[in-house]
file my_file_5.tsv (TSV, C-alpha atoms (C1' of nucleotides))
chain	number	residue	atom	x	y	z
M	1029	MET	CA	25.29	-26.37	-8.81
M	1030	LEU	CA	24.23	-24.33	-11.77
M	1031	PRO	CA	22.25	-21.20	-11.01
M	1032	LEU	CA	18.59	-22.10	-10.98
M	1033	ALA	CA	17.64	-19.75	-13.74
M	1034	SER	CA	19.93	-21.53	-16.15
M	1035	GLN	CA	18.74	-25.07	-15.48
M	1036	ARG	CA	16.22	-26.33	-17.92
M	1037	SER	CA	13.65	-28.25	-15.91
M	1038	PRO	CA	15.09	-29.95	-12.90
M	1039	LYS	CA	12.90	-32.62	-11.38
M	1040	PRO	CA	11.90	-31.84	-7.82
M	1041	GLU	CA	14.31	-34.48	-6.50
M	1042	ASP	CA	17.20	-32.82	-8.30
M	1043	LEU	CA	16.72	-29.65	-6.31
M	1044	PRO	CA	18.81	-29.18	-3.18
M	1045	SER	CA	17.36	-29.51	0.29
M	1046	GLU	CA	18.14	-25.92	1.17
M	1047	LEU	CA	18.40	-22.73	-0.87
M	1048	SER	CA	19.25	-19.18	0.23
M	1049	GLY	CA	18.56	-20.19	3.79
M	1050	LEU	CA	15.16	-21.65	2.95
M	1051	ARG	CA	14.54	-25.27	3.74
M	1052	LEU	CA	13.22	-26.86	0.58
M	1053	THR	CA	10.50	-29.18	1.76
M	1054	LYS	CA	8.87	-31.64	-0.60
M	1055	GLN	CA	6.13	-29.15	-1.43
M	1056	ARG	CA	8.43	-26.19	-1.87
M	1057	ARG	CA	10.61	-28.25	-4.14
M	1058	GLU	CA	7.59	-29.29	-6.17
M	1059	VAL	CA	6.36	-25.72	-6.48
M	1060	LEU	CA	9.79	-24.53	-7.49
M	1061	ALA	CA	10.17	-27.35	-10.00
M	1062	VAL	CA	6.85	-26.38	-11.57
M	1063	ILE	CA	7.97	-22.78	-11.90
M	1064	LEU	CA	11.28	-23.80	-13.42
M	1065	GLN	CA	9.66	-26.27	-15.77
M	1066	GLU	CA	7.51	-24.02	-17.90
M	1067	ARG	CA	8.67	-20.48	-17.75
M	1068	ASP	CA	5.34	-19.11	-18.79
M	1069	HIS	CA	4.71	-17.01	-15.69
M	1070	PRO	CA	2.01	-19.17	-14.12
M	1071	THR	CA	-0.43	-17.85	-11.53
M	1072	ALA	CA	-0.70	-19.42	-8.08
M	1073	ASN	CA	-3.62	-21.42	-9.32
M	1074	ASP	CA	-1.71	-22.61	-12.40
M	1075	VAL	CA	1.07	-23.75	-10.10
M	1076	TYR	CA	-1.46	-25.50	-7.91
M	1077	LEU	CA	-2.96	-27.40	-10.84
M	1078	ARG	CA	0.42	-28.40	-12.26
M	1079	SER	CA	1.77	-29.48	-8.88
M	1080	GLN	CA	-1.12	-31.87	-8.55
M	1081	ASN	CA	0.29	-34.02	-11.36
M	1082	ARG	CA	3.15	-35.24	-9.23
M	1083	MET	CA	1.68	-34.38	-5.84
M	1084	PRO	CA	-2.08	-34.76	-5.87
M	1085	SER	CA	-2.41	-34.05	-2.18
M	1086	ILE	CA	-0.89	-30.57	-2.20
M	1087	SER	CA	-3.27	-27.84	-1.12
M	1088	LEU	CA	-3.75	-24.40	-2.58
M	1089	ALA	CA	-2.89	-22.82	0.75
M	1090	THR	CA	0.42	-24.64	0.66
M	1091	VAL	CA	1.10	-23.41	-2.84
M	1092	TYR	CA	0.51	-19.87	-1.62
M	1093	ASN	CA	2.74	-20.51	1.39
M	1094	CYS	CA	5.49	-21.96	-0.76
M	1095	LEU	CA	5.32	-19.14	-3.26
M	1096	GLU	CA	5.54	-16.60	-0.47
M	1097	ALA	CA	8.53	-18.42	1.00
M	1098	LEU	CA	10.28	-18.63	-2.37
M	1099	VAL	CA	9.59	-15.00	-3.18
M	1100	SER	CA	10.68	-13.66	0.20
M	1101	HIS	CA	13.90	-15.61	-0.06
M	1102	GLY	CA	14.62	-14.16	-3.46
M	1103	ILE	CA	14.38	-17.50	-5.26
M	1104	VAL	CA	11.43	-16.55	-7.42
M	1105	ARG	CA	9.96	-13.23	-8.54
M	1106	GLN	CA	6.35	-12.18	-8.20
M	1107	VAL	CA	5.04	-10.43	-11.31
M	1108	ASN	CA	1.99	-8.21	-11.40
M	1109	PHE	CA	-0.06	-6.91	-14.28
M	1110	GLU	CA	-2.59	-4.38	-13.16
M	1111	ARG	CA	-5.27	-6.16	-11.18
M	1112	GLU	CA	-4.67	-9.59	-12.60
M	1113	PRO	CA	-3.64	-12.45	-10.33
M	1114	SER	CA	0.06	-12.46	-9.52
M	1115	ARG	CA	2.35	-14.55	-11.64
M	1116	TYR	CA	5.66	-16.15	-10.79
M	1117	CYS	CA	8.96	-16.01	-12.60
M	1118	PRO	CA	12.19	-17.88	-11.89
M	1119	ASN	CA	14.31	-15.47	-13.89
M	1120	LEU	CA	16.15	-13.41	-11.30
M	1121	ALA	CA	18.09	-11.33	-13.79
M	1122	ASP	CA	17.06	-7.68	-13.85
M	1123	HIS	CA	14.25	-7.61	-16.34
M	1124	CYS	CA	10.66	-6.59	-16.92
M	1125	HIS	CA	7.56	-8.02	-18.55
M	1126	PHE	CA	5.62	-7.57	-21.72
M	1127	GLN	CA	2.17	-9.03	-22.20
M	1128	ASP	CA	1.14	-9.72	-25.78
M	1129	GLN	CA	-2.46	-8.63	-25.94
M	1130	ASN	CA	-3.25	-11.08	-28.72
M	1131	THR	CA	-2.06	-14.23	-27.01
M	1132	GLY	CA	-2.06	-13.12	-23.38
M	1133	LYS	CA	1.43	-14.57	-23.10
M	1134	ILE	CA	4.03	-12.80	-21.04
M	1135	HIS	CA	7.55	-12.27	-22.30
M	1136	ASP	CA	10.65	-11.27	-20.40
M	1137	VAL	CA	12.12	-7.99	-21.60
M	1138	PHE	CA	15.67	-7.02	-20.72
M	1139	PHE	CA	17.36	-3.72	-20.21
M	1140	LYS	CA	19.83	-2.43	-22.74
M	1141	GLU	CA	23.37	-3.18	-21.71
M	1142	GLY	CA	24.58	-0.96	-18.90
M	1143	VAL	CA	21.45	1.15	-18.55
M	1144	LYS	CA	20.79	2.54	-15.10
M	1145	LEU	CA	17.54	3.84	-13.65
M	1146	GLU	CA	18.91	7.38	-13.33
M	1147	ASP	CA	19.66	7.33	-17.05
M	1148	PHE	CA	16.01	7.47	-17.96
M	1149	LEU	CA	14.17	8.53	-14.81
M	1150	ASP	CA	14.25	11.86	-12.98
M	1151	LEU	CA	14.38	10.37	-9.51
M	1152	PRO	CA	14.21	12.74	-6.55
M	1153	GLN	CA	17.85	12.84	-5.49
M	1154	GLY	CA	18.84	10.57	-2.67
M	1155	THR	CA	16.26	7.96	-3.57
M	1156	GLU	CA	17.25	4.42	-2.98
M	1157	ILE	CA	15.16	2.04	-4.99
M	1158	SER	CA	14.50	-1.30	-3.35
M	1159	HIS	CA	11.90	-2.56	-5.74
M	1160	LEU	CA	11.17	-1.90	-9.38
M	1161	GLU	CA	8.44	-3.31	-11.55
M	1162	ILE	CA	7.93	-2.49	-15.21
M	1163	SER	CA	4.91	-3.96	-16.98
M	1164	LEU	CA	4.19	-3.46	-20.65
M	1165	LYS	CA	1.23	-4.42	-22.76
M	1166	GLY	CA	0.89	-4.30	-26.48
M	1167	ASN	CA	1.10	-6.13	-29.76
M	1168	ILE	CA	3.86	-7.79	-31.70
M	1169	GLY	CA	4.17	-7.47	-35.45
M	1170	HIS	CA	1.53	-5.21	-36.99
H	1185	MET	CA	-10.26	25.67	-20.71
H	1186	LEU	CA	-6.95	24.80	-19.14
H	1187	PRO	CA	-5.90	21.20	-19.32
H	1188	LEU	CA	-7.27	19.48	-16.27
H	1189	ALA	CA	-3.90	18.39	-14.99
H	1190	SER	CA	-2.80	21.97	-14.65
H	1191	GLN	CA	-5.80	23.25	-12.73
H	1192	ARG	CA	-5.31	23.39	-9.03
H	1193	SER	CA	-8.56	22.23	-7.47
H	1194	PRO	CA	-11.61	23.04	-9.49
H	1195	LYS	CA	-14.86	22.75	-7.61
H	1196	PRO	CA	-17.20	20.19	-9.15
H	1197	GLU	CA	-19.40	22.94	-10.57
H	1198	ASP	CA	-16.44	24.44	-12.39
H	1199	LEU	CA	-15.97	21.30	-14.40
H	1200	PRO	CA	-17.56	21.08	-17.84
H	1201	SER	CA	-20.61	18.97	-18.53
H	1202	GLU	CA	-18.77	16.79	-21.01
H	1203	LEU	CA	-15.16	15.71	-21.35
H	1204	SER	CA	-13.49	13.53	-24.00
H	1205	GLY	CA	-16.90	12.32	-25.03
H	1206	LEU	CA	-17.90	11.40	-21.50
H	1207	ARG	CA	-20.96	13.02	-20.04
H	1208	LEU	CA	-19.93	14.45	-16.70
H	1209	THR	CA	-22.81	13.70	-14.42
H	1210	LYS	CA	-22.98	15.19	-10.94
H	1211	GLN	CA	-21.29	12.13	-9.46
H	1212	ARG	CA	-18.59	11.89	-12.11
H	1213	ARG	CA	-17.83	15.54	-11.65
H	1214	GLU	CA	-17.61	15.08	-7.91
H	1215	VAL	CA	-15.30	12.08	-8.26
H	1216	LEU	CA	-13.12	13.94	-10.72
H	1217	ALA	CA	-13.03	17.01	-8.49
H	1218	VAL	CA	-11.89	14.87	-5.56
H	1219	ILE	CA	-9.09	13.40	-7.64
H	1220	LEU	CA	-8.00	16.82	-8.85
H	1221	GLN	CA	-8.19	18.31	-5.38
H	1222	GLU	CA	-5.59	16.30	-3.53
H	1223	ARG	CA	-3.16	14.69	-5.89
H	1224	ASP	CA	-2.16	12.07	-3.42
H	1225	HIS	CA	-3.18	9.05	-5.47
H	1226	PRO	CA	-6.26	8.07	-3.49
H	1227	THR	CA	-7.78	4.61	-3.64
H	1228	ALA	CA	-11.39	4.09	-4.70
H	1229	ASN	CA	-12.35	3.98	-1.07
H	1230	ASP	CA	-10.48	7.21	-0.32
H	1231	VAL	CA	-12.37	8.84	-3.18
H	1232	TYR	CA	-15.61	7.47	-1.79
H	1233	LEU	CA	-14.97	8.88	1.68
H	1234	ARG	CA	-13.93	12.29	0.35
H	1235	SER	CA	-16.84	12.51	-2.05
H	1236	GLN	CA	-19.19	12.06	0.87
H	1237	ASN	CA	-18.24	15.49	2.21
H	1238	ARG	CA	-20.05	17.30	-0.58
H	1239	MET	CA	-22.27	14.43	-1.69
H	1240	PRO	CA	-23.21	12.25	1.27
H	1241	SER	CA	-25.55	10.11	-0.78
H	1242	ILE	CA	-22.99	8.85	-3.28
H	1243	SER	CA	-22.47	5.11	-3.23
H	1244	LEU	CA	-19.26	3.15	-3.44
H	1245	ALA	CA	-20.53	1.34	-6.54
H	1246	THR	CA	-21.00	4.71	-8.19
H	1247	VAL	CA	-17.49	5.75	-7.27
H	1248	TYR	CA	-16.21	2.59	-8.94
H	1249	ASN	CA	-18.41	3.23	-11.97
H	1250	CYS	CA	-17.25	6.82	-12.23
H	1251	LEU	CA	-13.60	5.87	-11.88
H	1252	GLU	CA	-13.99	3.26	-14.57
H	1253	ALA	CA	-15.66	5.78	-16.85
H	1254	LEU	CA	-12.98	8.42	-16.22
H	1255	VAL	CA	-10.16	5.93	-16.72
H	1256	SER	CA	-11.56	4.42	-19.90
H	1257	HIS	CA	-12.02	7.88	-21.36
H	1258	GLY	CA	-8.43	8.76	-20.58
H	1259	ILE	CA	-9.31	11.48	-18.11
H	1260	VAL	CA	-7.68	9.82	-15.13
H	1261	ARG	CA	-5.01	7.16	-14.76
H	1262	GLN	CA	-5.25	4.02	-12.72
H	1263	VAL	CA	-2.10	3.28	-10.76
H	1264	ASN	CA	-1.17	-0.10	-9.34
H	1265	PHE	CA	1.40	-1.12	-6.78
H	1266	GLU	CA	1.74	-4.84	-6.56
H	1267	ARG	CA	-1.38	-6.24	-4.96
H	1268	GLU	CA	-2.47	-3.06	-3.26
H	1269	PRO	CA	-5.80	-1.45	-4.10
H	1270	SER	CA	-5.68	0.64	-7.26
H	1271	ARG	CA	-5.02	4.32	-6.95
H	1272	TYR	CA	-6.06	7.17	-9.19
H	1273	CYS	CA	-4.00	9.93	-10.67
H	1274	PRO	CA	-5.11	12.97	-12.71
H	1275	ASN	CA	-1.66	13.58	-14.15
H	1276	LEU	CA	-1.85	12.40	-17.73
H	1277	ALA	CA	1.70	13.30	-18.61
H	1278	ASP	CA	3.90	10.30	-19.28
H	1279	HIS	CA	5.25	9.42	-15.89
H	1280	CYS	CA	5.64	6.67	-13.33
H	1281	HIS	CA	5.31	6.24	-9.60
H	1282	PHE	CA	7.55	5.95	-6.61
H	1283	GLN	CA	6.28	4.86	-3.23
H	1284	ASP	CA	8.27	6.07	-0.24
H	1285	GLN	CA	8.39	3.07	2.05
H	1286	ASN	CA	8.69	5.25	5.15
H	1287	THR	CA	5.63	7.39	4.59
H	1288	GLY	CA	3.69	5.20	2.17
H	1289	LYS	CA	3.23	8.31	0.02
H	1290	ILE	CA	3.35	8.03	-3.73
H	1291	HIS	CA	5.32	10.48	-5.84
H	1292	ASP	CA	5.16	11.09	-9.54
H	1293	VAL	CA	8.46	10.41	-11.28
H	1294	PHE	CA	9.12	11.72	-14.76
H	1295	PHE	CA	11.23	10.50	-17.59
H	1296	LYS	CA	14.39	12.30	-18.54
H	1297	GLU	CA	13.85	14.67	-21.40
H	1298	GLY	CA	13.48	12.89	-24.71
H	1299	VAL	CA	13.95	9.36	-23.45
H	1300	LYS	CA	12.18	6.64	-25.42
H	1301	LEU	CA	11.35	3.11	-24.34
H	1302	GLU	CA	13.66	1.58	-26.92
H	1303	ASP	CA	16.52	3.59	-25.43
H	1304	PHE	CA	16.58	1.48	-22.31
H	1305	LEU	CA	14.60	-1.66	-23.11
H	1306	ASP	CA	15.44	-4.46	-25.51
H	1307	LEU	CA	11.96	-4.82	-26.91
H	1308	PRO	CA	11.28	-7.63	-29.38
H	1309	GLN	CA	11.28	-5.73	-32.65
H	1310	GLY	CA	7.92	-4.78	-34.03
H	1311	THR	CA	6.39	-4.41	-30.57
H	1312	GLU	CA	3.83	-1.72	-30.23
H	1313	ILE	CA	3.35	-0.74	-26.62
H	1314	SER	CA	-0.15	0.32	-25.71
H	1315	HIS	CA	0.26	0.40	-21.99
H	1316	LEU	CA	3.23	0.96	-19.72
H	1317	GLU	CA	3.39	0.97	-15.96
H	1318	ILE	CA	6.51	1.56	-13.91
H	1319	SER	CA	6.29	1.26	-10.14
H	1320	LEU	CA	9.16	1.94	-7.80
H	1321	LYS	CA	9.51	1.47	-4.07
H	1322	GLY	CA	12.27	2.66	-1.83
H	1323	ASN	CA	13.51	5.29	0.56
H	1324	ILE	CA	14.39	8.95	0.24
H	1325	GLY	CA	17.40	10.43	1.98
H	1326	HIS	CA	19.67	7.80	3.53
R	407	DA	C1'	14.53	-45.34	18.89
R	408	DA	C1'	11.29	-42.48	21.68
R	409	DA	C1'	10.31	-37.83	23.16
R	410	DT	C1'	10.23	-33.12	22.21
R	411	DA	C1'	10.03	-28.84	19.91
R	412	DG	C1'	9.67	-26.16	16.02
R	413	DA	C1'	8.20	-25.65	11.40
R	414	DA	C1'	5.24	-26.70	7.54
R	415	DT	C1'	0.98	-28.35	5.64
R	416	DT	C1'	-3.82	-28.59	5.41
R	417	DA	C1'	-8.97	-27.60	4.98
R	418	DG	C1'	-11.84	-24.46	5.38
R	419	DA	C1'	-13.28	-19.93	6.96
R	420	DA	C1'	-12.44	-15.07	6.54
R	421	DT	C1'	-11.08	-10.98	4.20
R	422	DT	C1'	-11.05	-7.49	0.77
R	423	DA	C1'	-11.08	-5.15	-3.46
R	424	DT	C1'	-13.83	-5.19	-7.05
R	425	DT	C1'	-17.70	-6.50	-10.15
R	426	DC	C1'	-22.34	-7.74	-10.99
R	427	DT	C1'	-27.51	-7.47	-10.76
R	428	DA	C1'	-31.72	-5.58	-10.92
R	429	DA	C1'	-34.44	-1.85	-9.52
R	430	DA	C1'	-35.05	3.09	-9.09
R	431	DA	C1'	-33.79	7.60	-10.56
R	432	DT	C1'	-32.33	10.81	-13.91
R	433	DA	C1'	-31.46	12.62	-18.34
R	434	DT	C1'	-32.32	12.89	-23.33
R	435	DC	C1'	-35.11	12.70	-27.39
R	436	DT	C1'	-39.34	12.96	-30.08
V	292	DA	C1'	-45.40	14.81	-21.76
V	293	DG	C1'	-44.15	10.09	-22.93
V	294	DA	C1'	-40.67	6.89	-24.53
V	295	DT	C1'	-35.98	5.47	-24.33
V	296	DA	C1'	-31.44	5.30	-22.86
V	297	DT	C1'	-28.13	6.10	-19.32
V	298	DT	C1'	-26.70	6.37	-14.65
V	299	DT	C1'	-27.01	5.54	-9.89
V	300	DT	C1'	-27.85	2.68	-6.11
V	301	DA	C1'	-27.93	-1.12	-2.50
V	302	DG	C1'	-26.78	-5.22	-1.85
V	303	DA	C1'	-25.29	-9.71	-3.46
V	304	DA	C1'	-21.64	-12.14	-5.78
V	305	DT	C1'	-16.92	-13.05	-7.10
V	306	DA	C1'	-12.17	-14.12	-6.88
V	307	DA	C1'	-7.59	-13.80	-5.26
V	308	DT	C1'	-5.42	-14.06	-1.26
V	309	DT	C1'	-4.74	-14.48	3.77
V	310	DC	C1'	-5.82	-16.33	8.15
V	311	DT	C1'	-6.88	-19.89	11.74
V	312	DA	C1'	-6.34	-23.76	14.21
V	313	DA	C1'	-5.55	-28.50	13.96
V	314	DT	C1'	-2.58	-31.94	12.23
V	315	DT	C1'	1.56	-33.76	10.34
V	316	DC	C1'	6.26	-33.69	9.48
V	317	DT	C1'	11.31	-32.89	10.50
V	318	DA	C1'	15.14	-32.29	13.10
V	319	DT	C1'	17.11	-32.59	17.47
V	320	DT	C1'	17.74	-34.30	21.94
V	321	DT	C1'	17.50	-37.77	25.18
call {"tool": "encode", "arguments": {"input": "my_file_5.tsv", "output": "structure tokens"}}
result
Amino acid sequence: MLPLASQRSPKPEDLPSELSGLRLTKQRREVLAVILQERDHPTANDVYLRSQNRMPSISLATVYNCLEALVSHGIVRQVNFEREPSRYCPNLADHCHFQDQNTGKIHDVFFKEGVKLEDFLDLPQGTEISHLEISLKGNIGH
Amino acid sequence: MLPLASQRSPKPEDLPSELSGLRLTKQRREVLAVILQERDHPTANDVYLRSQNRMPSISLATVYNCLEALVSHGIVRQVNFEREPSRYCPNLADHCHFQDQNTGKIHDVFFKEGVKLEDFLDLPQGTEISHLEISLKGNIGH
DNA sequence: AAATAGAATTAGAATTATTCTAAAATATCT
DNA sequence: AGATATTTTAGAATAATTCTAATTCTATTT
């Protein structure tokens, strides 16, 4: 199977029944399909609303449960901007996020080829980074 | 006067009565003094508890108001780690934050001399960044 | 296929950080 | 001082998220 991040918008039924050791139940598959469908970094509530199209009986608690399962199994990334509600991103490649202050839209931003953390940060030596989040805000054009 | 970030722990009464166009009321001065005193990135609630030592009548709402005033006037920085409560930091120098997962403590991390955003990020051209937050988690030693 | 056991889903309550509201207090201006 | 604006305050409200406990589903075993 193609890596998830490269598939366009698989329907829930096209997704496998297990992924990275996580059983993909109907709901988890639906939630994942929603996240893969529109890569606009939806919030949990956005995912809830969109899931209801195909699965009107899904509950918000389940959406939260599914998101947590997908995130903890490394299938989806949780993205935070200050105190705003968390957003979810299926792009697992090393990248960070830019929020256009005019539109509110969030864009993936990638690292320059071959750049390492130690190249631009003065980390206390011996530090092992397990989690990194870079969030940018600003304007495009001028 | 010395830049705030370089003063060790001014008592509230040592702080000026106005700063960056913000009137420093008794409470704002107290809140600011608390943040300058222990640079351990306290949460609003930490600030509230510490302020009560010298000012037992201060309210939590006031602490939030003061923090908001200090942050919006660029006197203090608000620091976020995922969904944890915001923390506050008097170091205005361009820097980011590392949370030691063993101790929970947060350390300031600085950029390598002369590094610019565009050196390590592939920003869509024409982007003007108004806000940048980098949060790291991991372990020190091995 | 029925019985069982474990896991997932659900509705709704609970939690928690933060914001809001409206009144009281304080400061500033004339 | 009196008028006006700003700040503080207590407590209520909000909103995202987590928890609880009951139910339903799934997979496995008989």
call {"tool": "calpha_fit_and_write", "arguments": {"input": "my_file_5.tsv", "fixed": "chain H", "moving": "chain M", "output": "CSV table (one decimal) with C-alpha atoms, in the frame of the given file"}}
result
chain,number,residue,atom,x,y,z
M,1029,MET,CA,-10.3,25.7,-20.6
M,1030,LEU,CA,-7.0,24.9,-19.1
M,1031,PRO,CA,-5.9,21.3,-19.3
M,1032,LEU,CA,-7.3,19.5,-16.2
M,1033,ALA,CA,-3.9,18.5,-15.0
M,1034,SER,CA,-2.8,22.1,-14.6
M,1035,GLN,CA,-5.8,23.3,-12.7
M,1036,ARG,CA,-5.4,23.5,-9.0
M,1037,SER,CA,-8.6,22.2,-7.4
M,1038,PRO,CA,-11.6,23.1,-9.5
M,1039,LYS,CA,-14.9,22.8,-7.6
M,1040,PRO,CA,-17.2,20.2,-9.1
M,1041,GLU,CA,-19.4,22.9,-10.6
M,1042,ASP,CA,-16.5,24.5,-12.4
M,1043,LEU,CA,-16.0,21.3,-14.4
M,1044,PRO,CA,-17.5,21.1,-17.8
M,1045,SER,CA,-20.6,19.0,-18.5
M,1046,GLU,CA,-18.8,16.8,-21.0
M,1047,LEU,CA,-15.1,15.7,-21.4
M,1048,SER,CA,-13.5,13.5,-24.0
M,1049,GLY,CA,-16.9,12.3,-25.0
M,1050,LEU,CA,-17.9,11.4,-21.5
M,1051,ARG,CA,-20.9,13.0,-20.0
M,1052,LEU,CA,-19.9,14.5,-16.7
M,1053,THR,CA,-22.8,13.7,-14.4
M,1054,LYS,CA,-23.0,15.2,-10.9
M,1055,GLN,CA,-21.3,12.1,-9.5
M,1056,ARG,CA,-18.6,11.9,-12.1
M,1057,ARG,CA,-17.8,15.6,-11.6
M,1058,GLU,CA,-17.6,15.1,-7.9
M,1059,VAL,CA,-15.3,12.1,-8.2
M,1060,LEU,CA,-13.1,14.0,-10.7
M,1061,ALA,CA,-13.0,17.0,-8.5
M,1062,VAL,CA,-11.9,14.9,-5.6
M,1063,ILE,CA,-9.1,13.4,-7.6
M,1064,LEU,CA,-8.0,16.8,-8.8
M,1065,GLN,CA,-8.2,18.3,-5.4
M,1066,GLU,CA,-5.6,16.3,-3.5
M,1067,ARG,CA,-3.2,14.7,-5.9
M,1068,ASP,CA,-2.1,12.1,-3.4
M,1069,HIS,CA,-3.2,9.1,-5.5
M,1070,PRO,CA,-6.3,8.1,-3.5
M,1071,THR,CA,-7.8,4.6,-3.6
M,1072,ALA,CA,-11.4,4.1,-4.7
M,1073,ASN,CA,-12.3,4.0,-1.1
M,1074,ASP,CA,-10.5,7.2,-0.3
M,1075,VAL,CA,-12.4,8.8,-3.2
M,1076,TYR,CA,-15.6,7.4,-1.8
M,1077,LEU,CA,-15.0,8.9,1.7
M,1078,ARG,CA,-13.9,12.3,0.4
M,1079,SER,CA,-16.9,12.5,-2.1
M,1080,GLN,CA,-19.2,12.0,0.8
M,1081,ASN,CA,-18.3,15.5,2.2
M,1082,ARG,CA,-20.1,17.3,-0.6
M,1083,MET,CA,-22.3,14.4,-1.7
M,1084,PRO,CA,-23.2,12.2,1.2
M,1085,SER,CA,-25.6,10.1,-0.8
M,1086,ILE,CA,-23.0,8.8,-3.3
M,1087,SER,CA,-22.5,5.1,-3.2
M,1088,LEU,CA,-19.3,3.1,-3.5
M,1089,ALA,CA,-20.5,1.3,-6.6
M,1090,THR,CA,-21.0,4.7,-8.2
M,1091,VAL,CA,-17.5,5.7,-7.3
M,1092,TYR,CA,-16.2,2.6,-8.9
M,1093,ASN,CA,-18.4,3.2,-12.0
M,1094,CYS,CA,-17.2,6.8,-12.2
M,1095,LEU,CA,-13.6,5.9,-11.9
M,1096,GLU,CA,-14.0,3.3,-14.6
M,1097,ALA,CA,-15.6,5.8,-16.9
M,1098,LEU,CA,-12.9,8.4,-16.2
M,1099,VAL,CA,-10.1,5.9,-16.7
M,1100,SER,CA,-11.5,4.4,-19.9
M,1101,HIS,CA,-12.0,7.9,-21.3
M,1102,GLY,CA,-8.4,8.8,-20.6
M,1103,ILE,CA,-9.3,11.5,-18.1
M,1104,VAL,CA,-7.7,9.8,-15.1
M,1105,ARG,CA,-5.0,7.2,-14.8
M,1106,GLN,CA,-5.2,4.0,-12.7
M,1107,VAL,CA,-2.1,3.3,-10.7
M,1108,ASN,CA,-1.2,-0.1,-9.3
M,1109,PHE,CA,1.4,-1.1,-6.8
M,1110,GLU,CA,1.7,-4.9,-6.5
M,1111,ARG,CA,-1.4,-6.2,-4.9
M,1112,GLU,CA,-2.5,-3.1,-3.2
M,1113,PRO,CA,-5.8,-1.4,-4.1
M,1114,SER,CA,-5.7,0.6,-7.3
M,1115,ARG,CA,-5.0,4.3,-6.9
M,1116,TYR,CA,-6.0,7.2,-9.2
M,1117,CYS,CA,-4.0,9.9,-10.7
M,1118,PRO,CA,-5.1,13.0,-12.7
M,1119,ASN,CA,-1.6,13.6,-14.1
M,1120,LEU,CA,-1.9,12.4,-17.7
M,1121,ALA,CA,1.7,13.3,-18.6
M,1122,ASP,CA,3.9,10.3,-19.3
M,1123,HIS,CA,5.2,9.4,-15.9
M,1124,CYS,CA,5.6,6.7,-13.3
M,1125,HIS,CA,5.3,6.2,-9.6
M,1126,PHE,CA,7.6,6.0,-6.6
M,1127,GLN,CA,6.3,4.9,-3.2
M,1128,ASP,CA,8.3,6.1,-0.2
M,1129,GLN,CA,8.4,3.1,2.1
M,1130,ASN,CA,8.7,5.3,5.1
M,1131,THR,CA,5.6,7.4,4.6
M,1132,GLY,CA,3.7,5.2,2.2
M,1133,LYS,CA,3.2,8.3,0.0
M,1134,ILE,CA,3.4,8.0,-3.7
M,1135,HIS,CA,5.3,10.5,-5.8
M,1136,ASP,CA,5.2,11.1,-9.6
M,1137,VAL,CA,8.5,10.4,-11.3
M,1138,PHE,CA,9.1,11.7,-14.8
M,1139,PHE,CA,11.2,10.5,-17.6
M,1140,LYS,CA,14.4,12.3,-18.6
M,1141,GLU,CA,13.8,14.6,-21.4
M,1142,GLY,CA,13.5,12.9,-24.8
M,1143,VAL,CA,14.0,9.3,-23.5
M,1144,LYS,CA,12.2,6.6,-25.4
M,1145,LEU,CA,11.3,3.1,-24.4
M,1146,GLU,CA,13.7,1.6,-27.0
M,1147,ASP,CA,16.5,3.6,-25.5
M,1148,PHE,CA,16.6,1.5,-22.3
M,1149,LEU,CA,14.6,-1.7,-23.1
M,1150,ASP,CA,15.4,-4.5,-25.5
M,1151,LEU,CA,11.9,-4.8,-26.9
M,1152,PRO,CA,11.3,-7.7,-29.4
M,1153,GLN,CA,11.2,-5.8,-32.7
M,1154,GLY,CA,7.9,-4.8,-34.0
M,1155,THR,CA,6.4,-4.4,-30.6
M,1156,GLU,CA,3.8,-1.7,-30.2
M,1157,ILE,CA,3.3,-0.8,-26.6
M,1158,SER,CA,-0.2,0.3,-25.7
M,1159,HIS,CA,0.3,0.4,-22.0
M,1160,LEU,CA,3.2,1.0,-19.7
M,1161,GLU,CA,3.4,1.0,-16.0
M,1162,ILE,CA,6.5,1.6,-13.9
M,1163,SER,CA,6.3,1.3,-10.1
M,1164,LEU,CA,9.2,1.9,-7.8
M,1165,LYS,CA,9.5,1.5,-4.1
M,1166,GLY,CA,12.3,2.7,-1.8
M,1167,ASN,CA,13.5,5.3,0.5
M,1168,ILE,CA,14.4,8.9,0.2
M,1169,GLY,CA,17.4,10.4,1.9
M,1170,HIS,CA,19.5,7.9,3.8
call {"tool": "residues_around", "arguments": {"input": "my_file_5.tsv", "residues": "DT308 (chain V)", "least_positions_apart": "6", "cutoff": "12 Å", "atoms": "all atoms listed in the file", "output": "list of chain:residue names"}}
result
M:Ala1072, M:Asn1073, M:Leu1088, M:Ala1089, M:Val1091, M:Tyr1092, M:Asn1093, M:Glu1096, M:Pro1113, M:Ser1114, H:Arg1267, H:Glu1268, R:DA420, R:DT421, R:DT422, R:DA423
call {"tool": "residues_near_point", "arguments": {"input": "my_file_5.tsv", "point": "(6.2, -16.7, -11.3)", "cutoff": "6 Å", "atoms": "all atoms listed in the file", "output": "list in words"}}
result
His1069, Pro1070, Arg1105, Gln1106, Arg1115, Tyr1116 and Cys1117 of chain M
call {"tool": "interface_residues", "arguments": {"input": "my_file_5.tsv", "of": "chain R", "to": "chain M", "cutoff": "10 Å", "atoms": "all atoms listed in the file", "output": "ChimeraX atom specification"}}
result
/R:413-417,423-424
call {"tool": "closest_atom_pairs", "arguments": {"input": "my_file_5.tsv", "of": "chain V", "to": "chain H", "cutoff": "9 Å", "atoms": "only C-alpha atoms (C1' of nucleotides)", "output": "CSV"}}
result
residue,atom,partner,partner_atom,distance
V:DT298,C1',H:Thr1209,CA,8.3
V:DT299,C1',H:Thr1246,CA,6.3
V:DT300,C1',H:Ser1243,CA,6.6
V:DA301,C1',H:Ser1243,CA,8.3
